[in-house]
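Next comes start_26.txt, with compact mmCIF, C-alpha atoms and all ligand atoms.
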# COMPACT_ATOMS: atom_id res chain seq x y z
CA MET A 1 -12.92 -2.80 -13.68
CA ALA A 2 -15.69 -4.87 -12.09
CA THR A 3 -17.52 -7.23 -14.43
CA GLN A 4 -20.85 -6.10 -15.80
CA PRO A 5 -23.61 -7.44 -13.47
CA ARG A 6 -26.21 -9.44 -15.35
CA ILE A 7 -29.80 -8.68 -14.34
CA VAL A 8 -32.77 -10.69 -15.56
CA THR A 9 -36.38 -9.64 -15.02
CA VAL A 10 -39.11 -12.26 -15.29
CA PHE A 11 -42.84 -11.61 -15.57
CA GLY A 12 -45.76 -13.10 -17.43
CA THR A 13 -49.22 -11.81 -16.47
CA ARG A 14 -50.92 -8.43 -16.82
CA PRO A 15 -50.39 -7.28 -13.20
CA ASP A 16 -46.77 -8.36 -12.83
CA ALA A 17 -46.00 -6.74 -16.21
CA ILE A 18 -47.56 -3.43 -15.12
CA LYS A 19 -45.69 -3.47 -11.82
CA MET A 20 -42.37 -4.65 -13.29
CA ALA A 21 -42.42 -2.13 -16.15
CA PRO A 22 -41.17 0.78 -14.01
CA VAL A 23 -38.37 -1.48 -12.66
CA VAL A 24 -37.32 -2.59 -16.17
CA LEU A 25 -37.30 1.00 -17.44
CA GLU A 26 -35.29 2.15 -14.44
CA LEU A 27 -32.76 -0.71 -14.74
CA LYS A 28 -32.29 -0.01 -18.45
CA LYS A 29 -31.04 3.50 -17.58
CA TYR A 30 -27.93 1.89 -16.10
CA GLU A 31 -26.90 0.01 -19.25
CA PRO A 32 -24.13 -0.60 -20.29
CA GLN A 33 -22.80 -0.60 -16.71
CA ILE A 34 -25.17 -3.52 -16.20
CA LYS A 35 -26.78 -5.91 -18.69
CA VAL A 36 -30.55 -6.22 -18.43
CA ASP A 37 -32.51 -9.04 -20.08
CA VAL A 38 -36.30 -9.15 -20.02
CA VAL A 39 -37.78 -12.65 -19.99
CA VAL A 40 -41.54 -12.99 -20.32
CA THR A 41 -43.16 -16.34 -19.65
CA GLY A 42 -46.28 -15.52 -21.65
CA GLN A 43 -48.45 -16.95 -18.85
CA HIS A 44 -50.86 -14.35 -20.26
CA ARG A 45 -50.78 -13.48 -23.95
CA GLU A 46 -52.97 -10.58 -25.15
CA MET A 47 -53.22 -9.13 -21.64
CA LEU A 48 -49.42 -9.20 -21.35
CA ASP A 49 -48.68 -7.91 -24.84
CA GLN A 50 -50.78 -4.77 -24.37
CA VAL A 51 -48.70 -3.86 -21.31
CA LEU A 52 -45.44 -4.39 -23.21
CA ASP A 53 -46.79 -2.03 -25.88
CA VAL A 54 -47.83 0.66 -23.40
CA PHE A 55 -44.38 0.74 -21.80
CA HIS A 56 -42.44 0.11 -25.05
CA ILE A 57 -40.69 -2.96 -23.64
CA THR A 58 -39.38 -5.59 -26.06
CA PRO A 59 -38.51 -8.83 -24.27
CA GLU A 60 -35.27 -10.60 -25.12
CA TYR A 61 -36.93 -13.97 -24.40
CA ASP A 62 -40.56 -15.11 -24.57
CA LEU A 63 -41.49 -18.59 -23.31
CA ASN A 64 -44.99 -18.18 -24.78
CA ILE A 65 -46.45 -20.82 -22.42
CA MET A 66 -50.12 -19.79 -22.34
CA GLN A 67 -52.70 -22.41 -23.21
CA HIS A 68 -56.43 -21.95 -22.81
CA GLY A 69 -57.72 -23.40 -19.58
CA GLN A 70 -54.17 -24.05 -18.34
CA SER A 71 -53.81 -25.71 -14.91
CA LEU A 72 -51.54 -24.51 -12.13
CA SER A 73 -49.27 -27.55 -12.54
CA GLN A 74 -48.93 -26.89 -16.27
CA ILE A 75 -47.96 -23.24 -15.70
CA THR A 76 -45.47 -24.21 -12.99
CA ALA A 77 -43.82 -26.97 -15.03
CA ARG A 78 -43.64 -24.98 -18.29
CA VAL A 79 -42.18 -21.89 -16.66
CA LEU A 80 -39.58 -23.89 -14.72
CA THR A 81 -38.38 -25.91 -17.70
CA GLY A 82 -38.60 -22.86 -19.97
CA LEU A 83 -36.40 -20.73 -17.73
CA GLU A 84 -33.70 -23.40 -17.32
CA PRO A 85 -31.89 -23.01 -20.67
CA ILE A 86 -32.18 -19.21 -20.50
CA PHE A 87 -30.67 -19.04 -17.01
CA ASN A 88 -27.98 -21.55 -18.08
CA GLU A 89 -27.06 -19.22 -20.92
CA LEU A 90 -27.35 -15.87 -19.11
CA LYS A 91 -26.03 -16.91 -15.68
CA PRO A 92 -27.88 -14.04 -13.99
CA ASP A 93 -26.40 -12.32 -10.96
CA VAL A 94 -29.85 -11.14 -9.93
CA VAL A 95 -33.30 -12.28 -11.05
CA PHE A 96 -36.20 -9.87 -10.43
CA ALA A 97 -39.83 -10.97 -10.22
CA GLN A 98 -42.92 -9.30 -8.83
CA GLY A 99 -45.88 -10.25 -6.67
CA ASP A 100 -47.58 -13.60 -6.30
CA THR A 101 -48.37 -15.17 -9.65
CA SER A 102 -47.13 -18.65 -10.52
CA THR A 103 -44.60 -17.04 -12.87
CA THR A 104 -43.19 -15.14 -9.88
CA PHE A 105 -42.79 -18.07 -7.53
CA VAL A 106 -41.26 -20.26 -10.23
CA ALA A 107 -38.84 -17.49 -11.28
CA GLY A 108 -37.65 -17.43 -7.66
CA LEU A 109 -37.24 -21.20 -7.64
CA ALA A 110 -35.33 -21.16 -10.93
CA ALA A 111 -33.08 -18.38 -9.61
CA PHE A 112 -32.32 -20.57 -6.57
CA TYR A 113 -31.51 -23.59 -8.74
CA HIS A 114 -29.02 -21.44 -10.65
CA LYS A 115 -27.58 -19.82 -7.50
CA SER A 116 -28.65 -16.39 -8.74
CA LYS A 117 -29.87 -13.82 -6.23
CA PHE A 118 -33.61 -13.32 -6.25
CA ALA A 119 -35.11 -9.84 -5.85
CA HIS A 120 -38.77 -10.08 -4.86
CA VAL A 121 -40.73 -6.95 -5.68
CA GLU A 122 -43.97 -6.49 -3.69
CA ALA A 123 -42.83 -8.84 -0.93
CA GLY A 124 -44.64 -9.57 2.31
CA LEU A 125 -48.32 -9.39 1.36
CA ARG A 126 -50.28 -11.93 3.39
CA THR A 127 -53.85 -12.89 4.26
CA HIS A 128 -52.63 -15.77 6.49
CA ASN A 129 -55.13 -18.06 4.77
CA LYS A 130 -53.34 -20.45 2.44
CA TYR A 131 -56.37 -21.01 0.18
CA ASN A 132 -57.41 -17.36 -0.08
CA PRO A 133 -56.41 -15.99 -2.49
CA PHE A 134 -55.61 -19.26 -4.24
CA PRO A 135 -52.86 -19.93 -5.23
CA GLU A 136 -51.39 -16.45 -4.68
CA GLU A 137 -51.02 -16.63 -0.89
CA MET A 138 -48.86 -19.75 -1.22
CA ASN A 139 -46.93 -18.34 -4.19
CA ARG A 140 -45.82 -15.32 -2.19
CA ILE A 141 -45.11 -17.32 0.97
CA LEU A 142 -42.86 -19.64 -1.07
CA ALA A 143 -41.16 -16.67 -2.74
CA ALA A 144 -39.96 -15.32 0.62
CA PRO A 145 -37.33 -17.95 1.59
CA LEU A 146 -36.06 -17.90 -2.01
CA ALA A 147 -35.48 -14.15 -1.96
CA ASP A 148 -32.27 -12.25 -1.20
CA TYR A 149 -33.89 -8.82 -1.60
CA HIS A 150 -37.40 -8.31 -0.16
CA PHE A 151 -38.97 -5.09 -1.46
CA ALA A 152 -41.95 -4.53 0.79
CA PRO A 153 -44.46 -1.94 -0.38
CA THR A 154 -45.57 -0.99 3.16
CA SER A 155 -44.55 -1.36 6.80
CA MET A 156 -47.33 -3.92 7.27
CA ALA A 157 -45.73 -6.09 4.57
CA LYS A 158 -42.37 -5.75 6.31
CA GLU A 159 -43.95 -6.87 9.61
CA ASN A 160 -45.31 -9.99 7.88
CA LEU A 161 -41.83 -10.88 6.65
CA LEU A 162 -40.28 -10.29 10.07
CA ARG A 163 -42.80 -12.72 11.56
CA GLU A 164 -41.46 -15.32 9.08
CA ALA A 165 -37.93 -14.68 10.37
CA VAL A 166 -36.70 -12.91 7.23
CA ASP A 167 -33.45 -11.03 7.95
CA PRO A 168 -34.49 -7.38 8.64
CA LYS A 169 -31.37 -6.16 6.84
CA ARG A 170 -32.69 -7.69 3.59
CA ILE A 171 -36.11 -5.97 3.74
CA TRP A 172 -36.65 -2.49 2.30
CA ILE A 173 -39.93 -0.53 2.35
CA THR A 174 -40.17 1.14 -1.05
CA GLY A 175 -43.87 1.66 -1.81
CA ASN A 176 -45.50 -0.28 -4.62
CA THR A 177 -44.13 -0.04 -8.16
CA GLY A 178 -47.77 -0.20 -9.33
CA ILE A 179 -48.14 3.38 -8.10
CA ASP A 180 -45.09 4.41 -10.18
CA ALA A 181 -46.82 2.92 -13.24
CA LEU A 182 -50.15 4.51 -12.37
CA LEU A 183 -48.74 7.99 -11.89
CA SER A 184 -46.91 7.72 -15.21
CA VAL A 185 -50.18 7.24 -17.13
CA ALA A 186 -52.90 8.88 -14.98
CA ALA A 187 -52.02 12.41 -16.04
CA MET A 188 -51.98 11.60 -19.79
CA LYS A 189 -54.87 12.70 -22.00
CA HIS A 190 -56.65 9.72 -23.46
CA GLU A 191 -59.60 8.96 -25.69
CA PHE A 192 -61.31 5.58 -25.43
CA ALA A 193 -60.74 3.59 -28.62
CA GLN A 194 -63.51 1.14 -27.66
CA PRO A 195 -66.79 2.87 -28.71
CA GLU A 196 -68.76 1.24 -25.88
CA LEU A 197 -66.42 2.90 -23.37
CA GLU A 198 -66.54 6.30 -25.08
CA ALA A 199 -70.35 6.00 -25.02
CA LEU A 200 -70.31 5.75 -21.21
CA ARG A 201 -69.07 9.33 -21.04
CA HIS A 202 -72.17 10.69 -22.79
CA THR A 203 -75.07 8.98 -21.01
CA GLY A 204 -75.25 11.35 -18.03
CA LEU A 205 -75.35 8.26 -15.78
CA ARG A 206 -73.03 7.54 -12.88
CA THR A 207 -70.55 4.75 -13.65
CA VAL A 208 -69.85 1.75 -11.44
CA LEU A 209 -66.78 -0.21 -12.54
CA LEU A 210 -66.67 -3.92 -11.78
CA THR A 211 -63.89 -6.50 -12.23
CA SER A 212 -63.68 -10.08 -10.99
CA HIS A 213 -61.34 -12.91 -11.90
CA ARG A 214 -60.07 -14.66 -8.75
CA ARG A 215 -60.10 -18.45 -8.76
CA GLU A 216 -61.74 -18.64 -5.31
CA ASN A 217 -64.66 -16.57 -6.69
CA TRP A 218 -65.37 -18.93 -9.61
CA GLY A 219 -68.84 -20.52 -9.41
CA GLU A 220 -71.30 -19.50 -6.69
CA PRO A 221 -69.46 -16.35 -5.43
CA LEU A 222 -69.30 -14.89 -8.95
CA THR A 223 -72.97 -15.74 -9.47
CA ASP A 224 -73.79 -13.90 -6.22
CA ILE A 225 -71.79 -10.87 -7.39
CA CYS A 226 -73.70 -10.80 -10.70
CA ARG A 227 -77.01 -11.08 -8.83
CA ALA A 228 -76.06 -8.04 -6.75
CA VAL A 229 -75.23 -6.07 -9.89
CA LEU A 230 -78.60 -6.89 -11.47
CA GLN A 231 -80.43 -5.67 -8.39
CA LEU A 232 -78.29 -2.54 -8.03
CA VAL A 233 -79.05 -1.49 -11.58
CA ASP A 234 -82.78 -1.98 -10.90
CA MET A 235 -82.66 -0.02 -7.66
CA HIS A 236 -80.59 2.92 -8.97
CA GLN A 237 -81.90 4.15 -12.31
CA ASP A 238 -79.10 6.73 -12.60
CA ILE A 239 -76.20 4.24 -12.67
CA GLN A 240 -74.52 2.23 -15.40
CA VAL A 241 -72.23 -0.71 -14.70
CA VAL A 242 -69.20 -1.53 -16.83
CA PHE A 243 -67.51 -4.91 -16.51
CA PRO A 244 -64.23 -5.34 -18.43
CA MET A 245 -64.10 -9.11 -18.57
CA HIS A 246 -60.88 -10.98 -17.81
CA ARG A 247 -60.04 -13.29 -20.72
CA ASN A 248 -60.42 -16.40 -18.61
CA PRO A 249 -63.20 -18.44 -20.27
CA ILE A 250 -64.50 -19.69 -16.90
CA VAL A 251 -65.13 -16.12 -15.75
CA ARG A 252 -66.69 -15.09 -19.06
CA LYS A 253 -69.15 -17.95 -19.19
CA THR A 254 -70.81 -16.95 -15.92
CA VAL A 255 -70.67 -13.19 -16.52
CA GLU A 256 -72.00 -13.31 -20.08
CA ALA A 257 -74.84 -15.66 -19.10
CA MET A 258 -75.97 -13.49 -16.20
CA LEU A 259 -75.17 -9.91 -17.26
CA GLY A 260 -75.08 -10.04 -21.07
CA HIS A 261 -77.58 -7.87 -23.01
CA LYS A 262 -78.97 -6.10 -19.92
CA ASP A 263 -79.95 -2.45 -19.88
CA ARG A 264 -77.26 -0.17 -18.37
CA ILE A 265 -74.74 -3.02 -18.04
CA THR A 266 -71.78 -2.96 -20.44
CA LEU A 267 -69.58 -6.04 -20.77
CA THR A 268 -66.34 -5.28 -22.60
CA GLU A 269 -63.04 -6.74 -23.65
CA PRO A 270 -60.40 -5.83 -21.06
CA PRO A 271 -59.19 -2.34 -21.96
CA ASP A 272 -55.46 -1.77 -22.23
CA TYR A 273 -53.79 -0.35 -19.15
CA LYS A 274 -54.08 3.35 -20.09
CA PRO A 275 -57.80 3.26 -20.94
CA PHE A 276 -58.42 1.09 -17.90
CA VAL A 277 -56.89 3.76 -15.69
CA LYS A 278 -59.11 6.32 -17.45
CA LEU A 279 -62.09 4.07 -16.78
CA GLN A 280 -61.23 4.08 -13.08
CA GLN A 281 -61.08 7.87 -13.24
CA LEU A 282 -64.51 7.98 -14.91
CA ALA A 283 -66.05 5.65 -12.33
CA GLU A 284 -67.82 6.91 -9.24
CA LEU A 285 -67.50 3.59 -7.45
CA ILE A 286 -65.35 0.48 -8.02
CA LEU A 287 -66.26 -3.11 -7.12
CA THR A 288 -63.39 -5.53 -7.56
CA ASP A 289 -61.59 -8.67 -6.43
CA SER A 290 -58.37 -7.49 -8.13
CA GLY A 291 -55.26 -6.87 -6.08
CA GLY A 292 -53.84 -4.10 -8.27
CA VAL A 293 -57.12 -2.24 -8.63
CA GLN A 294 -57.42 -2.12 -4.82
CA GLU A 295 -54.14 -0.19 -4.78
CA GLU A 296 -54.83 2.07 -7.74
CA ALA A 297 -58.35 3.25 -6.86
CA PRO A 298 -57.30 5.09 -3.67
CA SER A 299 -54.63 6.96 -5.62
CA LEU A 300 -57.38 8.08 -7.98
CA GLY A 301 -59.73 9.06 -5.12
CA LYS A 302 -62.26 6.30 -5.82
CA PRO A 303 -63.93 4.20 -3.09
CA VAL A 304 -63.51 0.44 -3.56
CA LEU A 305 -65.71 -2.39 -2.39
CA VAL A 306 -63.50 -5.49 -2.27
CA LEU A 307 -65.37 -8.58 -3.44
CA ARG A 308 -63.33 -11.04 -1.38
CA GLU A 309 -63.43 -12.69 2.02
CA THR A 310 -59.82 -11.71 2.81
CA THR A 311 -57.40 -9.08 1.61
CA GLU A 312 -53.62 -8.80 1.74
CA ARG A 313 -54.12 -5.06 1.13
CA GLN A 314 -55.33 -4.26 4.64
CA GLU A 315 -53.70 -0.80 4.45
CA GLY A 316 -56.50 0.44 2.17
CA VAL A 317 -59.15 -0.87 4.56
CA THR A 318 -57.40 0.76 7.53
CA ALA A 319 -57.01 4.05 5.62
CA GLY A 320 -60.74 3.94 4.86
CA THR A 321 -60.44 3.84 1.06
CA ALA A 322 -61.50 0.20 0.73
CA LEU A 323 -64.18 -1.90 2.36
CA LEU A 324 -63.99 -5.69 2.44
CA VAL A 325 -67.52 -6.81 1.56
CA GLY A 326 -67.07 -10.40 0.35
CA THR A 327 -69.39 -11.86 -2.26
CA ASP A 328 -72.70 -12.02 -0.40
CA THR A 329 -75.39 -10.48 -2.66
CA GLU A 330 -77.22 -8.56 0.09
CA ARG A 331 -74.02 -7.15 1.60
CA ILE A 332 -72.78 -5.89 -1.78
CA ILE A 333 -76.15 -4.25 -2.46
CA SER A 334 -76.31 -2.53 0.92
CA GLU A 335 -72.72 -1.22 0.91
CA ALA A 336 -72.92 -0.04 -2.71
CA THR A 337 -76.28 1.61 -2.06
CA SER A 338 -74.88 3.43 0.95
CA LEU A 339 -72.03 4.85 -1.16
CA LEU A 340 -74.36 5.73 -4.03
CA THR A 341 -76.83 7.56 -1.80
CA ASN A 342 -74.94 8.88 1.23
CA LYS A 343 -72.67 11.76 0.13
CA GLN A 344 -70.89 12.01 3.49
CA HIS A 345 -70.02 8.31 3.50
CA TYR A 346 -68.87 8.60 -0.11
CA HIS A 347 -66.59 11.58 0.52
CA GLN A 348 -65.06 10.00 3.60
CA MET A 349 -63.96 7.02 1.53
CA ALA A 350 -62.99 9.02 -1.55
CA ASN A 351 -60.82 11.46 0.39
CA ALA A 352 -58.82 8.99 2.44
CA THR A 353 -55.11 8.95 1.55
CA ASN A 354 -53.32 6.40 -0.63
CA PRO A 355 -51.12 4.18 1.55
CA TYR A 356 -49.28 2.36 -1.25
CA GLY A 357 -46.40 4.60 -2.27
CA ASP A 358 -45.26 7.89 -3.78
CA GLY A 359 -44.20 6.81 -7.27
CA THR A 360 -40.49 6.32 -6.51
CA ALA A 361 -40.48 2.59 -5.70
CA ALA A 362 -38.66 1.43 -8.85
CA GLN A 363 -35.95 4.05 -8.45
CA GLN A 364 -35.38 3.02 -4.82
CA ILE A 365 -35.33 -0.69 -5.71
CA CYS A 366 -32.75 -0.28 -8.46
CA GLN A 367 -30.50 1.89 -6.33
CA ILE A 368 -30.56 -0.63 -3.47
CA VAL A 369 -29.51 -3.52 -5.72
CA LEU A 370 -27.03 -1.58 -7.82
CA LYS A 371 -25.33 -0.12 -4.75
CA GLU A 372 -24.39 -3.66 -3.77
CA TYR A 373 -22.66 -4.02 -7.14
CA GLY A 374 -20.87 -0.67 -6.80
CA ILE A 375 -22.84 0.86 -9.71
CA VAL A 376 -24.42 3.64 -7.63
CA SER A 377 -23.11 5.16 -4.43
CA VAL A 378 -26.40 6.18 -2.75
CA ALA A 379 -29.41 4.10 -1.85
C1 LIG A 401 -53.33 -15.07 -13.20
C2 LIG A 401 -52.62 -15.22 -11.86
C3 LIG A 401 -53.32 -14.37 -10.80
C4 LIG A 401 -53.48 -12.93 -11.27
C5 LIG A 401 -54.14 -12.90 -12.64
C6 LIG A 401 -54.17 -11.48 -13.13
C7 LIG A 401 -51.61 -17.40 -11.31
C8 LIG A 401 -51.87 -18.79 -10.90
N1 LIG A 401 -52.71 -16.61 -11.43
O1 LIG A 401 -54.64 -15.61 -13.06
O2 LIG A 401 -52.55 -14.39 -9.62
O3 LIG A 401 -54.28 -12.24 -10.34
O4 LIG A 401 -53.39 -13.69 -13.54
O5 LIG A 401 -55.01 -11.31 -14.21
O6 LIG A 401 -50.49 -17.01 -11.52
N2 LIG A 401 -56.24 -15.85 -20.93
C9 LIG A 401 -56.23 -15.48 -22.27
N3 LIG A 401 -55.45 -14.41 -22.62
C10 LIG A 401 -54.69 -13.71 -21.75
C11 LIG A 401 -54.72 -14.11 -20.39
C12 LIG A 401 -55.49 -15.20 -20.00
O7 LIG A 401 -56.90 -16.06 -23.09
O8 LIG A 401 -54.00 -12.76 -22.14
C13 LIG A 401 -57.09 -17.01 -20.53
C14 LIG A 401 -56.49 -18.37 -20.97
O9 LIG A 401 -57.52 -19.23 -21.32
C15 LIG A 401 -55.81 -18.86 -19.69
C16 LIG A 401 -56.79 -18.33 -18.64
O10 LIG A 401 -57.20 -17.04 -19.12
O11 LIG A 401 -55.65 -20.26 -19.64
C17 LIG A 401 -56.25 -18.24 -17.25
O12 LIG A 401 -54.99 -17.58 -17.20
P1 LIG A 401 -54.02 -17.88 -15.91
O13 LIG A 401 -52.79 -17.04 -16.03
O14 LIG A 401 -53.86 -19.34 -15.75
O15 LIG A 401 -54.87 -17.43 -14.67
P2 LIG A 401 -55.51 -16.04 -14.30
O16 LIG A 401 -56.86 -16.34 -13.76
O17 LIG A 401 -55.37 -15.10 -15.42
N1 LIG A 402 -56.19 -3.72 -15.69
C1 LIG A 402 -56.18 -3.43 -17.06
N2 LIG A 402 -57.29 -3.74 -17.80
C2 LIG A 402 -58.39 -4.33 -17.25
C3 LIG A 402 -58.37 -4.66 -15.87
C4 LIG A 402 -57.25 -4.34 -15.13
O1 LIG A 402 -55.21 -2.88 -17.58
O2 LIG A 402 -59.36 -4.60 -17.96
C5 LIG A 402 -54.99 -3.39 -14.88
C6 LIG A 402 -55.25 -2.65 -13.60
O3 LIG A 402 -55.17 -1.24 -13.79
C7 LIG A 402 -54.17 -3.17 -12.67
C8 LIG A 402 -53.95 -4.58 -13.15
O4 LIG A 402 -54.45 -4.64 -14.48
O5 LIG A 402 -52.97 -2.45 -12.84
C9 LIG A 402 -54.64 -5.57 -12.27
O6 LIG A 402 -54.63 -6.80 -12.89
P1 LIG A 402 -55.59 -7.99 -12.44
O7 LIG A 402 -56.81 -7.45 -11.79
O8 LIG A 402 -55.75 -8.86 -13.63
O9 LIG A 402 -54.67 -8.80 -11.42
P2 LIG A 402 -54.39 -8.73 -9.85
O10 LIG A 402 -53.88 -7.36 -9.53
O11 LIG A 402 -55.66 -9.08 -9.15
O12 LIG A 402 -53.36 -9.78 -9.64

Whole structure, structure tokens version:
Amino acid sequence: MATQPRIVTVFGTRPDAIKMAPVVLELKKYEPQIKVDVVVTGQHREMLDQVLDVFHITPEYDLNIMQHGQSLSQITARVLTGLEPIFNELKPDVVFAQGDTSTTFVAGLAAFYHKSKFAHVEAGLRTHNKYNPFPEEMNRILAAPLADYHFAPTSMAKENLLREAVDPKRIWITGNTGIDALLSVAAMKHEFAQPELEALRHTGLRTVLLTSHRRENWGEPLTDICRAVLQLVDMHQDIQVVFPMHRNPIVRKTVEAMLGHKDRITLTEPPDYKPFVKLQQLAELILTDSGGVQEEAPSLGKPVLVLRETTERQEGVTAGTALLVGTDTERIISEATSLLTNKQHYHQMANATNPYGDGTAAQQICQIVLKEYGIVSVA
């Protein structure tokens, strides 16, 4: 009998946890034919733990590296040295990591140092601007030559990898595992535990959901976004804005100073994944610089204004569900106003189709890898 393949999944932040959860749950179905170990780096803490709770995942290893105000070098060094003894012990056949966080790139590097195969989930996203988003564009570029399995969510992502001379036989278009996660929670009934969120349901006002956390938006761009929000609330008396604040203290300082204690603007702790999905469903319009939210909103039929100068999720823009507006105050105001006042424009964006997958990505990914180990016969 063949030996039991040893699979290790590594993640550490809110978005890679959400998108890896369906992969972990799918892999676990094949135990004991394979052995699956979940390693979390703890690059995030509270924002990671809530995702583990939602998906009932208990990690075998937790590096617990988060420190407040951590630098990129600190994350990189701590994850790399933290993974070394674990990989020495487990000797993984395949290491899975997702996306473009520092945890992801370093997991790929550690896999290479241990001569384990690296399966990169959500491969091939590119803006072709190495500082935007920073450092994610470089993280995902560096992940590509380390990877043995490239799971591209879309054909555009596959094209990007082909341009970098990745072997076409090692690229599979699977859709995004984030859509698997989304579909698994979107249909569930849910009450908001946070009273300020429950209150939004009863005001009779239209809800605009806002999130922003990207490093390249710290400082002036975030200030410009907040200025736009203040003016939008003044111009449209029938809207309320809700801003679930990322836990990063740099983001909070600006947002709380500019938007705190203002009429019809609610600043909240970041809701857990399920209530956050419900918040997207409640919203009429979403303004965000998040990668994951750009993918989820179209699946929920919500128009998104992307508060960034570049996007690696061009598919949403092409499909008409997302509009890249940047961080210029006047541009945000005019595009948001158009969507809030022009029903035809709104419905065009809201009814465009979701280009990011059909909810079967994790299943496809597992079958592709496990077929190579003779565990499944179809892929
Ligand atoms: C990280 C990722 C980014 C991803 C984002 C998702 C890197 C370099 N950045 O950025 O790609 O889009 O996560 O949210 O990989 N904090 C807490 N509790 C938490 C999480 C964060 O207090 O649960 C605070 C800490 O002070 C921490 C800071 O936020 O130092 C920044 O966290 P970090 O992971 O370094 O960067 P993010 O901006 O979250
Ligand atoms: N999310 C959440 N609570 C929030 C904000 C976002 O659960 O308060 C979820 C969201 O549904 C998406 C993911 O977190 O699945 C996106 O994470 P984030 O915006 O932090 O990172 P990015 O996708 O930009 O890397």

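CA of Lys158 in chain A is positioned 6.0 Å from CA of Gly124 in chain A.
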
task: Kindly give the distance, in Å, that separates atom C17 of ligand LIG 401 (chain A) and CA of Asn248 in chain A, rounded to a single decimal.
output: 4.8 Å

message: Could you list, as a PyMOL selection string, all residues that come within 8 Å of ligand LIG 402 (chain A)? Count all atoms listed in the file.
response: chain A and resi 13-16+18-19+47+51+100-101+178+182+211-214+244-246+269-277+289-294+296

Contact residues around Phe192 in chain A with only C-alpha atoms at 9 Å, ignoring same-chain residues under 3 positions, as a ChimeraX atom specification: /A:195-198,271,275,278-279

- prompt: Near Leu340 in chain A, within 9 Å and counting all atoms listed in the file, which residues show up once chain neighbours fewer than 5 positions away are dropped, as a list in words?
  reply: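 In the requested format, the answer is His236, Ile239, Glu284, Leu285, Glu335 and Tyr346 of chain A.
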
Within 9 Å of ligand LIG 401 (chain A), which residues of chain A come that close, and what is the closest atom pair and distance in Å for each? Count only C-alpha atoms and all ligand atoms and give it as a Markdown table.
| residue | atom | partner | partner_atom | distance |
| --- | --- | --- | --- | --- |
| A:Gly12 | CA | A:LIG401 | O13 | 8.2 |
| A:Thr13 | CA | A:LIG401 | O4 | 5.4 |
| A:Arg14 | CA | A:LIG401 | O5 | 5.6 |
| A:Pro15 | CA | A:LIG401 | C6 | 5.7 |
| A:Asp16 | CA | A:LIG401 | C6 | 8.0 |
| A:Gly42 | CA | A:LIG401 | O8 | 8.2 |
| A:Gln43 | CA | A:LIG401 | O13 | 5.2 |
| A:His44 | CA | A:LIG401 | C11 | 3.9 |
| A:Arg45 | CA | A:LIG401 | O8 | 3.8 |
| A:Glu46 | CA | A:LIG401 | O8 | 3.9 |
| A:Met47 | CA | A:LIG401 | O8 | 3.7 |
| A:Leu48 | CA | A:LIG401 | O8 | 5.9 |
| A:Asp49 | CA | A:LIG401 | O8 | 7.7 |
| A:Gln50 | CA | A:LIG401 | O8 | 8.9 |
| A:Met66 | CA | A:LIG401 | O11 | 6.2 |
| A:Gln67 | CA | A:LIG401 | O11 | 5.1 |
| A:His68 | CA | A:LIG401 | O9 | 3.3 |
| A:Gly69 | CA | A:LIG401 | O11 | 3.8 |
| A:Gln70 | CA | A:LIG401 | O11 | 4.3 |
| A:Ser71 | CA | A:LIG401 | O14 | 6.4 |
| A:Leu72 | CA | A:LIG401 | C8 | 5.9 |
| A:Ile75 | CA | A:LIG401 | O14 | 7.1 |
| A:Thr76 | CA | A:LIG401 | C8 | 8.6 |
| A:Gly99 | CA | A:LIG401 | O2 | 8.4 |
| A:Asp100 | CA | A:LIG401 | O2 | 6.0 |
| A:Thr101 | CA | A:LIG401 | O6 | 3.4 |
| A:Ser102 | CA | A:LIG401 | O6 | 3.9 |
| A:Thr103 | CA | A:LIG401 | O6 | 6.0 |
| A:Thr104 | CA | A:LIG401 | O6 | 7.7 |
| A:Phe105 | CA | A:LIG401 | O6 | 8.7 |
| A:Pro133 | CA | A:LIG401 | O2 | 8.3 |
| A:Phe134 | CA | A:LIG401 | C8 | 7.7 |
| A:Pro135 | CA | A:LIG401 | C8 | 5.9 |
| A:Glu136 | CA | A:LIG401 | O2 | 5.5 |
| A:Asn139 | CA | A:LIG401 | O6 | 8.3 |
| A:His213 | CA | A:LIG401 | O16 | 5.9 |
| A:Arg214 | CA | A:LIG401 | O16 | 6.2 |
| A:Arg215 | CA | A:LIG401 | O16 | 6.3 |
| A:His246 | CA | A:LIG401 | O5 | 6.9 |
| A:Arg247 | CA | A:LIG401 | N2 | 4.6 |
| A:Asn248 | CA | A:LIG401 | O10 | 3.3 |
| A:Pro249 | CA | A:LIG401 | O9 | 5.8 |
| A:Ile250 | CA | A:LIG401 | C16 | 8.0 |
| A:Val251 | CA | A:LIG401 | O16 | 8.5 |
| A:Ser290 | CA | A:LIG401 | O3 | 6.6 |
| A:Gly291 | CA | A:LIG401 | O3 | 6.9 |
| A:Gly292 | CA | A:LIG401 | O3 | 8.4 |

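Distances here use all atoms listed in the file; by that measure, the residue among A:Leu109, A:Ala319, A:Leu80, A:Val242 closest to Val229 in chain A is A:Val242.
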
task: Mind checking which residues fall within 10 Å of Val36 in chain A, counting all atoms listed in the file, ignoring those fewer than 4 positions away in the same chain, and posting them as a list in words?
output: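 Non-adjacent residues within range: Pro5, Arg6, Ile7, Val8, Thr9, Val24, Leu25, Leu27, Lys28, Lys29, Tyr30, Glu31, Pro32, Glu60, Pro92, Val94 and Val95 of chain A.
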
- line: Of A:Leu339, A:Leu210, A:Leu232, A:Leu259, the one sitting nearest Leu307 in chain A when using only C-alpha atoms is A:Leu210
